[in-house]
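Text of input_38.txt, listed as compact mmCIF, N, CA and C atoms:
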# COMPACT_ATOMS: atom_id res chain seq x y z
N MET M 1 88.07 72.84 106.45
CA MET M 1 88.36 73.95 105.58
C MET M 1 89.58 73.59 104.75
N LEU M 2 89.54 73.88 103.47
CA LEU M 2 90.65 73.56 102.57
C LEU M 2 91.37 74.82 102.13
N ALA M 3 92.66 74.67 101.88
CA ALA M 3 93.47 75.72 101.27
C ALA M 3 94.32 75.03 100.22
N LYS M 4 94.54 75.71 99.10
CA LYS M 4 95.27 75.11 97.99
C LYS M 4 96.70 75.64 97.95
N LEU M 5 97.66 74.73 97.78
CA LEU M 5 99.06 75.09 97.60
C LEU M 5 99.28 75.33 96.11
N THR M 6 99.81 76.50 95.74
CA THR M 6 99.99 76.83 94.33
C THR M 6 101.27 76.19 93.79
N SER M 7 101.46 76.29 92.49
CA SER M 7 102.67 75.75 91.85
C SER M 7 103.93 76.47 92.33
N LYS M 8 103.77 77.65 92.92
CA LYS M 8 104.91 78.41 93.46
C LYS M 8 105.05 78.19 94.97
N ASN M 9 104.44 77.14 95.48
CA ASN M 9 104.48 76.80 96.91
C ASN M 9 103.92 77.91 97.80
N GLN M 10 102.89 78.58 97.32
CA GLN M 10 102.24 79.61 98.11
C GLN M 10 100.90 79.09 98.61
N LEU M 11 100.58 79.48 99.83
CA LEU M 11 99.34 79.05 100.45
C LEU M 11 98.61 80.29 100.94
N THR M 12 97.36 80.43 100.57
CA THR M 12 96.56 81.56 101.02
C THR M 12 95.71 81.12 102.20
N LEU M 13 95.80 81.87 103.29
CA LEU M 13 94.98 81.56 104.45
C LEU M 13 93.56 82.08 104.21
N PRO M 14 92.57 81.26 104.52
CA PRO M 14 91.18 81.71 104.35
C PRO M 14 90.89 82.94 105.21
N LYS M 15 90.03 83.80 104.68
CA LYS M 15 89.67 85.03 105.39
C LYS M 15 89.10 84.75 106.77
N SER M 16 88.33 83.68 106.89
CA SER M 16 87.73 83.36 108.19
C SER M 16 88.81 83.06 109.24
N ILE M 17 89.94 82.52 108.81
CA ILE M 17 91.05 82.25 109.73
C ILE M 17 91.74 83.55 110.12
N THR M 18 92.02 84.41 109.16
CA THR M 18 92.72 85.66 109.46
C THR M 18 91.86 86.59 110.31
N GLN M 19 90.55 86.47 110.18
CA GLN M 19 89.67 87.28 111.04
C GLN M 19 89.77 86.85 112.49
N VAL M 20 90.03 85.58 112.72
CA VAL M 20 90.16 85.06 114.08
C VAL M 20 91.51 85.41 114.68
N ILE M 21 92.60 85.21 113.91
CA ILE M 21 93.95 85.42 114.46
C ILE M 21 94.44 86.85 114.31
N GLY M 22 93.82 87.63 113.44
CA GLY M 22 94.29 88.99 113.18
C GLY M 22 95.24 89.02 112.00
N GLN M 23 95.69 90.21 111.67
CA GLN M 23 96.58 90.39 110.51
C GLN M 23 98.03 90.22 110.92
N PHE M 24 98.68 89.22 110.40
CA PHE M 24 100.10 88.98 110.64
C PHE M 24 100.79 88.82 109.31
N GLU M 25 102.03 89.29 109.25
CA GLU M 25 102.82 89.18 108.03
C GLU M 25 103.73 87.96 108.07
N TYR M 26 104.14 87.56 109.27
CA TYR M 26 105.08 86.46 109.41
C TYR M 26 104.51 85.36 110.31
N PHE M 27 104.92 84.13 109.99
CA PHE M 27 104.51 82.97 110.77
C PHE M 27 105.72 82.08 110.99
N GLU M 28 105.83 81.55 112.20
CA GLU M 28 106.82 80.51 112.44
C GLU M 28 106.18 79.20 111.97
N ILE M 29 106.96 78.39 111.29
CA ILE M 29 106.43 77.15 110.72
C ILE M 29 107.19 75.97 111.29
N LYS M 30 106.43 74.95 111.71
CA LYS M 30 107.07 73.71 112.14
C LYS M 30 106.17 72.55 111.77
N VAL M 31 106.77 71.37 111.71
CA VAL M 31 106.02 70.16 111.40
C VAL M 31 106.05 69.26 112.63
N GLU M 32 104.88 68.84 113.07
CA GLU M 32 104.75 67.92 114.20
C GLU M 32 103.80 66.80 113.81
N ASN M 33 104.30 65.58 113.91
CA ASN M 33 103.48 64.39 113.60
C ASN M 33 102.79 64.51 112.24
N GLY M 34 103.53 65.01 111.24
CA GLY M 34 102.99 65.12 109.89
C GLY M 34 102.06 66.30 109.67
N GLN M 35 101.89 67.15 110.68
CA GLN M 35 101.04 68.33 110.53
C GLN M 35 101.89 69.59 110.46
N ILE M 36 101.50 70.51 109.61
CA ILE M 36 102.17 71.81 109.50
C ILE M 36 101.50 72.75 110.50
N ILE M 37 102.31 73.37 111.35
CA ILE M 37 101.77 74.29 112.36
C ILE M 37 102.32 75.68 112.08
N LEU M 38 101.41 76.63 111.90
CA LEU M 38 101.77 78.03 111.68
C LEU M 38 101.46 78.82 112.94
N THR M 39 102.45 79.56 113.43
CA THR M 39 102.26 80.39 114.61
C THR M 39 102.53 81.84 114.23
N PRO M 40 101.54 82.73 114.38
CA PRO M 40 101.76 84.14 114.04
C PRO M 40 102.91 84.73 114.87
N VAL M 41 103.73 85.55 114.21
CA VAL M 41 104.88 86.17 114.87
C VAL M 41 104.92 87.64 114.52
N LYS M 42 105.13 88.47 115.54
CA LYS M 42 105.37 89.89 115.30
C LYS M 42 106.88 90.09 115.34
N ILE M 43 107.43 90.59 114.25
CA ILE M 43 108.86 90.83 114.16
C ILE M 43 109.20 92.12 114.89
N GLN M 44 110.12 92.03 115.83
CA GLN M 44 110.58 93.20 116.57
C GLN M 44 111.90 93.64 115.98
N ARG M 45 111.87 94.63 115.14
CA ARG M 45 113.08 95.07 114.44
C ARG M 45 114.16 95.53 115.42
N ALA M 46 113.77 96.16 116.51
CA ALA M 46 114.74 96.62 117.50
C ALA M 46 115.48 95.43 118.10
N ASN M 47 114.78 94.32 118.30
CA ASN M 47 115.43 93.12 118.84
C ASN M 47 116.47 92.59 117.87
N ALA M 48 116.20 92.68 116.58
CA ALA M 48 117.17 92.22 115.58
C ALA M 48 118.43 93.08 115.63
N VAL M 49 118.26 94.39 115.80
CA VAL M 49 119.41 95.29 115.90
C VAL M 49 120.21 94.97 117.16
N ARG M 50 119.51 94.78 118.27
CA ARG M 50 120.20 94.45 119.53
C ARG M 50 120.98 93.14 119.41
N ALA M 51 120.39 92.16 118.74
CA ALA M 51 121.05 90.86 118.57
C ALA M 51 122.31 91.01 117.71
N LYS M 52 122.22 91.85 116.67
CA LYS M 52 123.39 92.06 115.81
C LYS M 52 124.49 92.77 116.57
N LEU M 53 124.13 93.78 117.36
CA LEU M 53 125.12 94.48 118.17
C LEU M 53 125.76 93.53 119.18
N ALA M 54 124.97 92.67 119.76
CA ALA M 54 125.50 91.70 120.73
C ALA M 54 126.47 90.74 120.04
N ALA M 55 126.12 90.31 118.83
CA ALA M 55 126.99 89.40 118.09
C ALA M 55 128.31 90.07 117.73
N LEU M 56 128.26 91.38 117.48
CA LEU M 56 129.49 92.13 117.16
C LEU M 56 130.27 92.50 118.42
N GLU M 57 129.67 92.24 119.57
CA GLU M 57 130.29 92.53 120.86
C GLU M 57 130.65 94.02 121.00
N LEU M 58 129.75 94.88 120.47
CA LEU M 58 129.94 96.32 120.60
C LEU M 58 129.46 96.77 121.98
N THR M 59 130.18 97.71 122.55
CA THR M 59 129.79 98.25 123.84
C THR M 59 129.12 99.60 123.65
N GLU M 60 128.52 100.11 124.71
CA GLU M 60 127.94 101.45 124.65
C GLU M 60 129.01 102.47 124.34
N GLN M 61 130.21 102.27 124.86
CA GLN M 61 131.31 103.20 124.60
C GLN M 61 131.69 103.17 123.12
N ASP M 62 131.67 102.00 122.49
CA ASP M 62 131.95 101.92 121.05
C ASP M 62 130.94 102.75 120.26
N ILE M 63 129.68 102.67 120.64
CA ILE M 63 128.64 103.44 119.96
C ILE M 63 128.84 104.93 120.19
N THR M 64 129.12 105.31 121.43
CA THR M 64 129.37 106.72 121.75
C THR M 64 130.55 107.25 120.95
N ASP M 65 131.62 106.49 120.88
CA ASP M 65 132.79 106.90 120.09
C ASP M 65 132.46 107.04 118.62
N ALA M 66 131.64 106.12 118.09
CA ALA M 66 131.27 106.18 116.69
C ALA M 66 130.42 107.41 116.38
N VAL M 67 129.49 107.74 117.26
CA VAL M 67 128.65 108.92 117.09
C VAL M 67 129.49 110.19 117.16
N THR M 68 130.40 110.24 118.13
CA THR M 68 131.30 111.38 118.25
C THR M 68 132.13 111.56 116.98
N TRP M 69 132.67 110.47 116.49
CA TRP M 69 133.47 110.51 115.26
C TRP M 69 132.64 110.99 114.09
N ALA M 70 131.39 110.49 113.96
CA ALA M 70 130.53 110.86 112.84
C ALA M 70 130.12 112.31 112.88
N ARG M 71 130.08 112.91 114.05
CA ARG M 71 129.66 114.32 114.19
C ARG M 71 130.79 115.31 114.01
N GLN M 72 131.99 114.83 113.81
CA GLN M 72 133.12 115.75 113.62
C GLN M 72 132.96 116.48 112.29
N PRO M 73 133.32 117.76 112.28
CA PRO M 73 133.19 118.53 111.03
C PRO M 73 134.20 118.09 109.98
How would this structure read if it were set down as structure tokens?
Amino acid sequence: MLAKLTSKNQLTLPKSITQVIGQFEYFEIKVENGQIILTPVKIQRANAVRAKLAALELTEQDITDAVTWARQP
């Protein structure tokens, strides 16, 4: 099966492939032995938020304090 790479570096997956793997918006891409490998990925937005909070080293108490502050009249 062939797929054409456009001048804008876009590649359309054939319908027969998407029917097998299902509808995905994102794919992890890697190259192994000269082959491009696409792996469907479901983005978990909550995980991204948790990762950002972890990187900021915020605690539950920090969040509680922020909510309390925001609710002040």
Which is closest to M:Leu38 among M:Arg50, M:Tyr26, M:Ser7, M:Pro14, if we use only N, CA and C atoms?
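Of all the options, M:Tyr26 lies closest to M:Leu38.
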Pick out the residues sitting within 12 Å of M:Leu13, and hand them over as a PyMOL selection string; count only C-alpha atoms, and ignore anything fewer than 3 positions along from it in its own chain.
chain M and resi 1-5+10+16-25+27+38
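Taking atom CA of M:Arg71 as the reference point, atom CA of M:Gln44 is found at 28.6 Å.
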Rounded to one decimal in Å, what is the spacing between atom CA of M:Pro40 and atom CA of M:Asn9?
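Atom-to-atom, atom CA of M:Pro40 and atom CA of M:Asn9 are spaced 18.8 Å apart.
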Would you compute the distance between atom CA of M:Glu60 and atom CA of M:Lys42? Give it in Å to one decimal.
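According to the coordinates, atom CA of M:Glu60 and atom CA of M:Lys42 are separated by 27.0 Å.
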Please return the centre and edge lengths, in Å to one decimal, of a box with edges along x, y and z that contains all listed atoms of stretch 16-30 of chain M, widened by 5 Å on every side, as JSON.
{"center_x": 97.5, "center_y": 81.5, "center_z": 110.8, "size_x": 29.5, "size_y": 27.8, "size_z": 17.8}
DSSP alpha helix (DSSP H) selection over chain M, as a PyMOL selection string
chain M and resi 15-21+45-56+60-70
Taking the DSSP assignment computed from this structure's backbone, write out as a list of chain:residue names all residues of chain M that belong to strand (DSSP E or B).
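Here is the list: M:Leu5, M:Leu11, M:Tyr26, M:Phe27, M:Glu28, M:Ile29, M:Lys30, M:Val31, M:Glu32, M:Gln35, M:Ile36, M:Ile37, M:Leu38, M:Thr39, M:Pro40, M:Val41.
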